[in-house]
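Novice: Below is a structure I'd like to ask you about.
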Amino acid sequence: MHIQEWLESVPAIAVYLLVAGVIGLESLGIPLPGEIVLVSATLLAASQDHINPYVLGACAVAGAIVGDSIGYLIGRKGGKPLLDWLGRKFPKHFGPHHVATAEKAFTKWGMWAVFIGRFIALLRIFAGPLAGVLKMPYWKFLIANVLGGIAWAGGTVALIYTVGKVAEEWIGKFSYIGLAVAVLFGIGSFVVMRIKAKKAAKAAEQEPAESASVAAVD
């Protein structure tokens, strides 16, 4: 089967559920490539008429908001022991330095760390659970959660879909290349976010050492 025919055979409902599910689980606190899935699905929608971008965007927004809300409730019930458990299960994502960086962001930005966290891979998986652990008032969390979900998920779909439609003819003629470009674009954005997260973690590690040096001098 030609790849274009295969793409056309993918049920739209499967794409909607995949996007909502992956983004929801990532927002809940499980490290998953939500951004890659969202970008890839949106590029698919740009080249396949049976996938509605408005429905796709709505599913992405719903997944983001619901997942974050569940993460908040779990964090509020689980408290600090939950972060310790996640640190043991996912040391590359919930290690002590990652938690310290996220807590610093919440201390600095308050409820808007939830909003800003939508656009940062490191904070995206932390925002809901950490807001619950820190006992942020739910109404503040909900406002930032809804606004962040709409801005990130809805904005990403709108932007990528527009770009995809502009390149629709090219993608249609070179479907293998188009699919590869979609995947590489998503992976590239994920890698960039991981690099930023590592830099933030490294900076967090250096701060205690610098503070200790200053104290020693004093």
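Quick note on naming: the chains in the structure tokens go A, B, ... in the order shown, residues restart at 1 in each chain, and ligands are numbered from 1 in order of appearance.
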Please provide the set of residues having any atom within 10 Å of stretch 127-133 of chain A, restricted to only C-alpha atoms, with same-chain residues fewer than 5 positions apart removed, written as a PyMOL selection string.

Specialist: chain A and resi 27-29+65-83+99+102-103+105-106+110-118+122+138+140-142+145

Novice: Nearest to A:Ala64 among A:Leu38, A:Ala100, A:Ile160, A:Trp139, with distances taken over only C-alpha atoms: which residue is it?

Specialist: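 Closest residue, counting only C-alpha atoms: A:Leu38.
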
Novice: Looking at A:Ala60, A:Ile120, A:Ile125, A:Val157, which one is nearest to A:Ala46, with distances taken over only C-alpha atoms?

Specialist: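 Checking each candidate against A:Ala46, we get A:Val157 as the closest.
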
Novice: Nearest to A:Phe126 among A:Pro31, A:Gly57, A:Gly164, A:Gly63, with distances taken over only C-alpha atoms: which residue is it?

Specialist: A:Pro31

Novice: To one decimal place, how far is atom CA of A:Trp152 from atom CA of A:Lys135 in Å?

Specialist: 24.1 Å
